[in-house]
Amino acid sequence: MNALLLIDIQNDFLPTGALPVPEGDQIIPIANALMPRFSHIVATQDWHPADHGSFAANHPGKKPGDLITLNGPPQILWPTHCVQNTPGAEFAPAIDRARITHIIQKGTDPAIDSYSGFFDNGHRKATGLHDYLRAHNITHLHLLGLATDYCVKFTALDARQLGYTVTLIEDACRGVNHKPTDVADALTEMHHAGVHLIHSPLLSI
């Protein structure tokens, strides 16, 4: 059984948002075109409390891009984004939300960040995504969304660790690219982990 995972296609990650991913809005038409081909469509949603430890604003003297340690794992500090019950945390209005069959909220614990749709960054708590997929006998995941070098990558890597077949729809992802090679490095890392990299016109399910 196949499922489509939409990773963090939220207002704050669009070009006008608090943490803009360049060209992030350009993946939305591709996502909408692919959705009718899947009976299971799961959307992940960053859903941070205002006091989240990944926000630079919550660390006096720090700024976005600084690196700290947050309860164990290293943590890049980000602008305040995707705060619970704010417009920035909502899904992009152009997404065909009516086709989404399940939503996974992540990043809800202020003490640790959660890039992956499956676990927090320390792999201490699960989000419930794995349980949902197992309950629906889903074994093959097709991923798209934001951002390639963070939440998409870590979701794909965790999915492989959990035994899923994973296909990344590369043209339906965009990256932050703090460093010029971040997206390319992420794609290489996913490929080496066994993730299939394709473009949407070649998708067959």
# chains A, B, ... in the order shown; residues from 1 in each chain; ligands from 1

$ closest_atom_pairs --of "range 64-174 of chain A" --to "range 181-197 of chain A" --cutoff "8 Å" --atoms "only C-alpha atoms" --output "tab-separated table"
residue	atom	partner	partner_atom	distance
A:Thr148	CA	A:Val183	CA	6.2
A:Asp149	CA	A:Val183	CA	5.2
A:Lys153	CA	A:Ala186	CA	6.4
A:Ala156	CA	A:Met190	CA	7.0
A:Leu157	CA	A:Met190	CA	6.5
A:Arg160	CA	A:Ala193	CA	7.0
A:Thr165	CA	A:Val195	CA	7.4
A:Val166	CA	A:Val195	CA	5.2
A:Thr167	CA	A:His196	CA	4.5
A:Leu168	CA	A:Leu197	CA	5.0
A:Ile169	CA	A:Leu197	CA	6.3
A:Glu170	CA	A:Leu197	CA	6.3

$ write_last_selection --atoms "C-alpha atoms" --output "PDB file, in the first residue's frame"
ATOM      1  CA  THR A 148      14.667  19.165   1.444  1.00  0.00           C
ATOM      2  CA  ASP A 149      17.692  19.545   3.704  1.00  0.00           C
ATOM      3  CA  LYS A 153      15.521  14.565   4.720  1.00  0.00           C
ATOM      4  CA  ALA A 156      12.969  10.060   4.676  1.00  0.00           C
ATOM      5  CA  LEU A 157      15.913   8.731   6.675  1.00  0.00           C
ATOM      6  CA  ARG A 160      14.143   3.945   5.743  1.00  0.00           C
ATOM      7  CA  THR A 165      10.280   1.828   0.745  1.00  0.00           C
ATOM      8  CA  VAL A 166      10.755   5.554   0.194  1.00  0.00           C
ATOM      9  CA  THR A 167      10.488   7.600  -2.983  1.00  0.00           C
ATOM     10  CA  LEU A 168      11.389  11.285  -2.887  1.00  0.00           C
ATOM     11  CA  ILE A 169       9.656  13.445  -5.487  1.00  0.00           C
ATOM     12  CA  GLU A 170      12.564  15.787  -5.984  1.00  0.00           C
TER      13      GLU A 170
END

$ closest_atom_pairs --of "range 19-77 of chain A" --to "range 201-205 of chain A" --cutoff "12 Å" --atoms "only C-alpha atoms" --output "CSV"
residue,atom,partner,partner_atom,distance
A:Ile30,CA,A:Pro201,CA,9.7
A:Ala33,CA,A:Pro201,CA,10.6
A:Leu34,CA,A:Leu203,CA,9.0
A:Met35,CA,A:Ile205,CA,11.9
A:Pro36,CA,A:Ile205,CA,11.7
A:Arg37,CA,A:Ile205,CA,7.9
A:Phe38,CA,A:Ile205,CA,8.6
A:Ser39,CA,A:Ile205,CA,11.3

$ write_last_selection --atoms "N, CA, C and O atoms" --output "compact mmCIF listing (two decimals), in the first residue's frame"
# COMPACT_ATOMS: atom_id res chain seq x y z
N ILE A 30 2.41 20.97 -7.97
CA ILE A 30 2.82 19.57 -8.17
C ILE A 30 2.14 18.68 -7.14
O ILE A 30 1.61 17.61 -7.47
N ALA A 33 -1.48 18.15 -8.00
CA ALA A 33 -1.66 17.27 -9.16
C ALA A 33 -1.45 15.81 -8.81
O ALA A 33 -2.07 14.92 -9.42
N LEU A 34 -0.60 15.55 -7.82
CA LEU A 34 -0.31 14.16 -7.45
C LEU A 34 -1.33 13.56 -6.49
O LEU A 34 -1.54 12.35 -6.46
N MET A 35 -1.97 14.39 -5.69
CA MET A 35 -2.84 13.87 -4.63
C MET A 35 -3.94 12.93 -5.11
O MET A 35 -4.22 11.92 -4.44
N PRO A 36 -4.58 13.18 -6.23
CA PRO A 36 -5.65 12.26 -6.64
C PRO A 36 -5.19 10.84 -6.92
O PRO A 36 -6.02 9.93 -7.01
N ARG A 37 -3.89 10.62 -7.00
CA ARG A 37 -3.37 9.29 -7.29
C ARG A 37 -3.18 8.45 -6.04
O ARG A 37 -2.80 7.28 -6.13
N PHE A 38 -3.44 9.02 -4.88
CA PHE A 38 -3.22 8.31 -3.61
C PHE A 38 -4.49 8.28 -2.78
O PHE A 38 -5.23 9.27 -2.73
N SER A 39 -4.72 7.16 -2.12
CA SER A 39 -5.87 7.06 -1.22
C SER A 39 -5.49 7.48 0.20
O SER A 39 -6.37 7.82 1.00

$ residues_around --residues "range 103-120 of chain A" --least-positions-apart "2" --cutoff "7 Å" --atoms "only C-alpha atoms" --output "short mmCIF file (atom, residue, chain, number, x, y, z; two decimals) with N, CA and C atoms, in the first residue's frame"
data_model
loop_
_atom_site.label_atom_id
_atom_site.label_comp_id
_atom_site.auth_asym_id
_atom_site.auth_seq_id
_atom_site.Cartn_x
_atom_site.Cartn_y
_atom_site.Cartn_z
N VAL A 42 -0.90 11.93 3.98
CA VAL A 42 -0.60 12.38 5.33
C VAL A 42 0.19 13.67 5.25
N ALA A 43 -0.22 14.68 5.99
CA ALA A 43 0.48 15.96 6.04
C ALA A 43 1.10 16.14 7.41
N THR A 44 2.39 16.46 7.44
CA THR A 44 3.02 16.82 8.71
C THR A 44 2.92 18.33 8.88
N GLN A 45 2.90 18.74 10.13
CA GLN A 45 2.68 20.15 10.46
C GLN A 45 3.55 20.53 11.65
N ASP A 46 4.53 21.43 11.41
CA ASP A 46 5.25 22.01 12.54
C ASP A 46 4.23 22.74 13.43
N TRP A 47 4.30 22.50 14.73
CA TRP A 47 3.26 23.00 15.63
C TRP A 47 3.91 23.36 16.96
N HIS A 48 4.67 24.45 16.92
CA HIS A 48 5.53 24.79 18.05
C HIS A 48 4.82 25.65 19.09
N PRO A 49 5.07 25.39 20.37
CA PRO A 49 4.67 26.36 21.40
C PRO A 49 5.54 27.61 21.27
N ASP A 51 7.25 29.16 23.33
CA ASP A 51 8.51 29.11 24.08
C ASP A 51 9.46 28.02 23.58
N HIS A 52 9.31 27.62 22.33
CA HIS A 52 10.11 26.51 21.83
C HIS A 52 11.60 26.82 21.87
N GLY A 53 12.37 25.83 22.26
CA GLY A 53 13.80 26.00 22.43
C GLY A 53 14.59 26.19 21.15
N SER A 54 13.97 25.96 20.00
CA SER A 54 14.67 26.14 18.73
C SER A 54 14.59 27.57 18.23
N LEU A 70 20.62 21.61 22.55
CA LEU A 70 19.28 21.68 23.15
C LEU A 70 18.93 20.32 23.74
N ASN A 71 19.18 20.21 25.05
CA ASN A 71 18.86 18.97 25.77
C ASN A 71 19.48 17.74 25.11
N GLY A 122 15.93 13.78 19.04
CA GLY A 122 16.66 12.86 19.90
C GLY A 122 16.11 11.44 19.85
N HIS A 123 15.10 11.20 19.02
CA HIS A 123 14.44 9.90 18.91
C HIS A 123 13.94 9.41 20.28
N ARG A 124 13.43 10.36 21.07
CA ARG A 124 12.91 10.01 22.38
C ARG A 124 11.41 9.76 22.35
N LYS A 125 10.71 10.50 21.49
CA LYS A 125 9.26 10.37 21.40
C LYS A 125 8.84 10.20 19.95
N ALA A 126 7.86 9.34 19.74
CA ALA A 126 7.30 9.14 18.41
C ALA A 126 6.10 10.06 18.21
N THR A 127 5.85 10.43 16.97
CA THR A 127 4.74 11.32 16.66
C THR A 127 3.41 10.59 16.44
N GLY A 128 3.48 9.28 16.24
CA GLY A 128 2.28 8.51 15.89
C GLY A 128 2.18 8.20 14.41
N LEU A 129 3.08 8.76 13.60
CA LEU A 129 3.02 8.51 12.16
C LEU A 129 3.25 7.04 11.84
N HIS A 130 4.25 6.44 12.45
CA HIS A 130 4.54 5.02 12.18
C HIS A 130 3.34 4.15 12.54
N TYR A 150 16.16 19.53 5.60
CA TYR A 150 15.82 19.40 7.01
C TYR A 150 14.67 18.40 7.20
N CYS A 151 13.45 18.86 7.24
CA CYS A 151 12.35 17.98 7.62
C CYS A 151 12.09 16.88 6.59
N PHE A 154 15.11 14.26 7.09
CA PHE A 154 15.06 13.46 8.31
C PHE A 154 13.84 12.53 8.33
N THR A 155 12.74 12.95 7.72
CA THR A 155 11.59 12.06 7.60
C THR A 155 11.93 10.87 6.71
N ASP A 158 14.40 8.47 8.57
CA ASP A 158 13.71 7.68 9.59
C ASP A 158 12.82 6.62 8.96
#

$ residues_around --residues "range 15-22 of chain A" --least-positions-apart "2" --cutoff "9 Å" --atoms "only C-alpha atoms" --output "ChimeraX atom specification"
/A:10-13,24-25,78-82,88,146-147,174-177

$ write_last_selection --atoms "C-alpha atoms" --output "compact mmCIF listing (two decimals), in the first residue's frame"
# COMPACT_ATOMS: atom_id res chain seq x y z
CA GLN A 10 2.83 25.74 5.84
CA ASN A 11 2.55 29.49 5.50
CA ASP A 12 5.68 30.29 7.48
CA PHE A 13 7.79 28.24 5.07
CA GLY A 24 8.61 26.93 -1.52
CA ASP A 25 5.32 27.94 -3.10
CA TRP A 78 15.57 29.54 13.84
CA PRO A 79 13.33 32.56 13.58
CA THR A 80 10.09 32.13 15.49
CA HIS A 81 7.86 30.13 13.15
CA CYS A 82 4.83 27.83 12.98
CA GLY A 88 1.95 30.99 10.02
CA LEU A 146 9.71 21.57 2.78
CA ALA A 147 12.51 21.65 3.35
CA ARG A 174 12.70 22.88 -1.96
CA GLY A 175 15.53 23.47 0.51
CA VAL A 176 16.81 26.08 2.91
CA ASN A 177 20.43 25.76 1.68

$ select_by_dssp --residues "chain A" --states "helix (DSSP H, G or I)" --output "JSON list (two decimals) with N, CA and C atoms, in the first residue's frame"
[["chain", "number", "residue", "atom", "x", "y", "z"],
["A", 11, "ASN", "N", 2.37, 28.09, 5.89],
["A", 11, "ASN", "CA", 2.55, 29.49, 5.50],
["A", 11, "ASN", "C", 3.91, 30.06, 5.87],
["A", 12, "ASP", "N", 4.42, 29.70, 7.05],
["A", 12, "ASP", "CA", 5.68, 30.29, 7.48],
["A", 12, "ASP", "C", 6.87, 29.81, 6.67],
["A", 13, "PHE", "N", 6.70, 28.73, 5.91],
["A", 13, "PHE", "CA", 7.79, 28.24, 5.07],
["A", 13, "PHE", "C", 7.68, 28.71, 3.62],
["A", 24, "GLY", "N", 9.43, 27.93, -2.19],
["A", 24, "GLY", "CA", 8.61, 26.93, -1.52],
["A", 24, "GLY", "C", 7.20, 26.83, -2.07],
["A", 25, "ASP", "N", 6.68, 27.95, -2.55],
["A", 25, "ASP", "CA", 5.32, 27.94, -3.10],
["A", 25, "ASP", "C", 5.23, 27.19, -4.41],
["A", 26, "GLN", "N", 6.36, 26.98, -5.09],
["A", 26, "GLN", "CA", 6.32, 26.36, -6.41],
["A", 26, "GLN", "C", 6.03, 24.86, -6.37],
["A", 27, "ILE", "N", 6.11, 24.26, -5.20],
["A", 27, "ILE", "CA", 5.82, 22.83, -5.11],
["A", 27, "ILE", "C", 4.32, 22.55, -5.00],
["A", 28, "ILE", "N", 3.54, 23.57, -4.68],
["A", 28, "ILE", "CA", 2.11, 23.33, -4.40],
["A", 28, "ILE", "C", 1.34, 22.81, -5.60],
["A", 29, "PRO", "N", 1.50, 23.36, -6.79],
["A", 29, "PRO", "CA", 0.78, 22.78, -7.94],
["A", 29, "PRO", "C", 1.15, 21.32, -8.20],
["A", 30, "ILE", "N", 2.41, 20.97, -7.97],
["A", 30, "ILE", "CA", 2.82, 19.57, -8.17],
["A", 30, "ILE", "C", 2.14, 18.68, -7.14],
["A", 31, "ALA", "N", 2.13, 19.12, -5.89],
["A", 31, "ALA", "CA", 1.47, 18.35, -4.83],
["A", 31, "ALA", "C", 0.00, 18.13, -5.15],
["A", 32, "ASN", "N", -0.68, 19.19, -5.54],
["A", 32, "ASN", "CA", -2.11, 19.08, -5.84],
["A", 32, "ASN", "C", -2.37, 18.14, -7.01],
["A", 33, "ALA", "N", -1.48, 18.15, -8.00],
["A", 33, "ALA", "CA", -1.66, 17.27, -9.16],
["A", 33, "ALA", "C", -1.45, 15.81, -8.81],
["A", 34, "LEU", "N", -0.60, 15.55, -7.82],
["A", 34, "LEU", "CA", -0.31, 14.16, -7.45],
["A", 34, "LEU", "C", -1.33, 13.56, -6.49],
["A", 35, "MET", "N", -1.97, 14.39, -5.69],
["A", 35, "MET", "CA", -2.84, 13.87, -4.63],
["A", 35, "MET", "C", -3.94, 12.93, -5.11],
["A", 36, "PRO", "N", -4.58, 13.18, -6.23],
["A", 36, "PRO", "CA", -5.65, 12.26, -6.64],
["A", 36, "PRO", "C", -5.19, 10.84, -6.92],
["A", 37, "ARG", "N", -3.89, 10.62, -7.00],
["A", 37, "ARG", "CA", -3.37, 9.29, -7.29],
["A", 37, "ARG", "C", -3.18, 8.45, -6.04],
["A", 56, "ALA", "N", 15.48, 31.38, 18.18],
["A", 56, "ALA", "CA", 16.55, 32.27, 18.64],
["A", 56, "ALA", "C", 16.03, 33.30, 19.63],
["A", 57, "ALA", "N", 14.79, 33.74, 19.45],
["A", 57, "ALA", "CA", 14.21, 34.76, 20.32],
["A", 57, "ALA", "C", 14.11, 34.31, 21.77],
["A", 58, "ASN", "N", 14.15, 33.00, 21.99],
["A", 58, "ASN", "CA", 14.06, 32.47, 23.35],
["A", 58, "ASN", "C", 15.43, 32.27, 23.99],
["A", 87, "PRO", "N", -1.57, 32.06, 12.13],
["A", 87, "PRO", "CA", -1.69, 31.89, 10.67],
["A", 87, "PRO", "C", -0.45, 31.27, 10.04],
["A", 88, "GLY", "N", 0.73, 31.55, 10.59],
["A", 88, "GLY", "CA", 1.95, 30.99, 10.02],
["A", 88, "GLY", "C", 2.03, 29.49, 10.10],
["A", 89, "ALA", "N", 1.35, 28.90, 11.07],
["A", 89, "ALA", "CA", 1.37, 27.45, 11.24],
["A", 89, "ALA", "C", 0.36, 26.73, 10.36],
["A", 97, "ARG", "N", -6.49, 20.81, 0.67],
["A", 97, "ARG", "CA", -6.53, 20.19, 1.99],
["A", 97, "ARG", "C", -7.64, 19.14, 2.11],
["A", 98, "ALA", "N", -8.66, 19.24, 1.30],
["A", 98, "ALA", "CA", -9.76, 18.28, 1.38],
["A", 98, "ALA", "C", -9.30, 16.85, 1.11],
["A", 99, "ARG", "N", -8.19, 16.70, 0.41],
["A", 99, "ARG", "CA", -7.70, 15.36, 0.09],
["A", 99, "ARG", "C", -6.79, 14.77, 1.17],
["A", 129, "LEU", "N", 3.08, 8.76, 13.60],
["A", 129, "LEU", "CA", 3.02, 8.51, 12.16],
["A", 129, "LEU", "C", 3.25, 7.04, 11.84],
["A", 130, "HIS", "N", 4.25, 6.44, 12.45],
["A", 130, "HIS", "CA", 4.54, 5.02, 12.18],
["A", 130, "HIS", "C", 3.34, 4.15, 12.54],
["A", 131, "ASP", "N", 2.71, 4.42, 13.67],
["A", 131, "ASP", "CA", 1.54, 3.64, 14.07],
["A", 131, "ASP", "C", 0.41, 3.78, 13.05],
["A", 132, "TYR", "N", 0.19, 5.01, 12.57],
["A", 132, "TYR", "CA", -0.86, 5.24, 11.58],
["A", 132, "TYR", "C", -0.58, 4.46, 10.30],
["A", 133, "LEU", "N", 0.65, 4.51, 9.83],
["A", 133, "LEU", "CA", 0.99, 3.83, 8.58],
["A", 133, "LEU", "C", 0.86, 2.32, 8.73],
["A", 134, "ARG", "N", 1.31, 1.78, 9.85],
["A", 134, "ARG", "CA", 1.18, 0.33, 10.07],
["A", 134, "ARG", "C", -0.28, -0.09, 10.14],
["A", 135, "ALA", "N", -1.09, 0.74, 10.77],
["A", 135, "ALA", "CA", -2.52, 0.40, 10.91],
["A", 135, "ALA", "C", -3.21, 0.33, 9.55],
["A", 148, "THR", "N", 13.92, 20.34, 1.87],
["A", 148, "THR", "CA", 14.67, 19.16, 1.44],
["A", 148, "THR", "C", 15.76, 18.79, 2.42],
["A", 149, "ASP", "N", 16.50, 19.78, 2.90],
["A", 149, "ASP", "CA", 17.69, 19.54, 3.70],
["A", 149, "ASP", "C", 17.42, 19.46, 5.20],
["A", 150, "TYR", "N", 16.16, 19.53, 5.60],
["A", 150, "TYR", "CA", 15.82, 19.40, 7.01],
["A", 150, "TYR", "C", 14.67, 18.40, 7.20],
["A", 151, "CYS", "N", 13.45, 18.86, 7.24],
["A", 151, "CYS", "CA", 12.35, 17.98, 7.62],
["A", 151, "CYS", "C", 12.09, 16.88, 6.59],
["A", 152, "VAL", "N", 12.27, 17.18, 5.32],
["A", 152, "VAL", "CA", 12.10, 16.13, 4.30],
["A", 152, "VAL", "C", 13.18, 15.07, 4.48],
["A", 153, "LYS", "N", 14.41, 15.52, 4.59],
["A", 153, "LYS", "CA", 15.52, 14.56, 4.72],
["A", 153, "LYS", "C", 15.37, 13.67, 5.94],
["A", 154, "PHE", "N", 15.11, 14.26, 7.09],
["A", 154, "PHE", "CA", 15.06, 13.46, 8.31],
["A", 154, "PHE", "C", 13.84, 12.53, 8.33],
["A", 155, "THR", "N", 12.74, 12.95, 7.72],
["A", 155, "THR", "CA", 11.59, 12.06, 7.60],
["A", 155, "THR", "C", 11.93, 10.87, 6.71],
["A", 156, "ALA", "N", 12.59, 11.13, 5.59],
["A", 156, "ALA", "CA", 12.97, 10.06, 4.68],
["A", 156, "ALA", "C", 13.94, 9.08, 5.32],
["A", 157, "LEU", "N", 14.93, 9.61, 6.04],
["A", 157, "LEU", "CA", 15.91, 8.73, 6.68],
["A", 157, "LEU", "C", 15.27, 7.88, 7.76],
["A", 158, "ASP", "N", 14.40, 8.47, 8.57],
["A", 158, "ASP", "CA", 13.71, 7.68, 9.59],
["A", 158, "ASP", "C", 12.82, 6.62, 8.96],
["A", 159, "ALA", "N", 12.16, 6.98, 7.87],
["A", 159, "ALA", "CA", 11.30, 6.01, 7.18],
["A", 159, "ALA", "C", 12.11, 4.81, 6.70],
["A", 160, "ARG", "N", 13.30, 5.06, 6.18],
["A", 160, "ARG", "CA", 14.14, 3.95, 5.74],
["A", 160, "ARG", "C", 14.57, 3.10, 6.94],
["A", 161, "GLN", "N", 14.92, 3.76, 8.04],
["A", 161, "GLN", "CA", 15.32, 3.00, 9.24],
["A", 161, "GLN", "C", 14.19, 2.11, 9.73],
["A", 182, "ASP", "N", 23.98, 22.28, 0.75],
["A", 182, "ASP", "CA", 23.14, 21.55, 1.71],
["A", 182, "ASP", "C", 22.11, 20.66, 1.02],
["A", 183, "VAL", "N", 21.42, 21.18, 0.01],
["A", 183, "VAL", "CA", 20.41, 20.37, -0.66],
["A", 183, "VAL", "C", 21.05, 19.21, -1.39],
["A", 184, "ALA", "N", 22.11, 19.47, -2.12],
["A", 184, "ALA", "CA", 22.81, 18.39, -2.85],
["A", 184, "ALA", "C", 23.32, 17.33, -1.88],
["A", 185, "ASP", "N", 23.86, 17.77, -0.74],
["A", 185, "ASP", "CA", 24.35, 16.81, 0.25],
["A", 185, "ASP", "C", 23.20, 15.99, 0.83],
["A", 186, "ALA", "N", 22.05, 16.64, 1.05],
["A", 186, "ALA", "CA", 20.89, 15.92, 1.58],
["A", 186, "ALA", "C", 20.41, 14.86, 0.60],
["A", 187, "LEU", "N", 20.36, 15.21, -0.66],
["A", 187, "LEU", "CA", 19.93, 14.26, -1.68],
["A", 187, "LEU", "C", 20.89, 13.07, -1.75],
["A", 188, "THR", "N", 22.18, 13.35, -1.65],
["A", 188, "THR", "CA", 23.16, 12.27, -1.66],
["A", 188, "THR", "C", 23.00, 11.36, -0.45],
["A", 189, "GLU", "N", 22.79, 11.97, 0.72],
["A", 189, "GLU", "CA", 22.61, 11.18, 1.93],
["A", 189, "GLU", "C", 21.37, 10.29, 1.84],
["A", 190, "MET", "N", 20.28, 10.85, 1.33],
["A", 190, "MET", "CA", 19.06, 10.05, 1.18],
["A", 190, "MET", "C", 19.26, 8.92, 0.17],
["A", 191, "HIS", "N", 19.92, 9.23, -0.94],
["A", 191, "HIS", "CA", 20.19, 8.20, -1.95],
["A", 191, "HIS", "C", 20.99, 7.05, -1.35],
["A", 192, "HIS", "N", 22.02, 7.38, -0.58],
["A", 192, "HIS", "CA", 22.86, 6.35, 0.03],
["A", 192, "HIS", "C", 22.09, 5.52, 1.06],
["A", 200, "SER", "N", 8.42, 14.18, -10.65],
["A", 200, "SER", "CA", 6.99, 13.83, -10.68],
["A", 200, "SER", "C", 6.51, 13.24, -12.00],
["A", 201, "PRO", "N", 7.00, 13.69, -13.18],
["A", 201, "PRO", "CA", 6.50, 13.07, -14.41],
["A", 201, "PRO", "C", 6.80, 11.58, -14.53],
["A", 202, "LEU", "N", 7.77, 11.10, -13.76],
["A", 202, "LEU", "CA", 8.17, 9.68, -13.83],
["A", 202, "LEU", "C", 7.51, 8.84, -12.75]]

$ select_by_dssp --residues "range 7-146 of chain A" --states "strand (DSSP E)" --output "ChimeraX atom specification"
/A:7,41-46,67-69,74-76,102-106,140-146

$ residues_around --residues "Asp66 in chain A" --least-positions-apart "4" --cutoff "8 Å" --atoms "only C-alpha atoms" --output "list in words"
Ala56, Lys62, Ile76 and Leu77 of chain A

$ atom_distance --atom1 "CA of Leu67 in chain A" --atom2 "CA of His178 in chain A"
12.6 Å

$ atom_distance --atom1 "CA of Gly145 in chain A" --atom2 "CA of Cys173 in chain A"
4.8 Å

$ atom_distance --atom1 "CA of Glu23 in chain A" --atom2 "CA of Pro73 in chain A"
29.2 Å

$ closest_residue --among "A:Ile198, A:Leu6, A:Val83, A:Met1" --to "Thr101 in chain A" --atoms "only C-alpha atoms"
A:Leu6

$ closest_residue --among "A:His59, A:Ala50, A:Ala3, A:Ile9" --to "Ala94 in chain A" --atoms "only C-alpha atoms"
A:Ile9
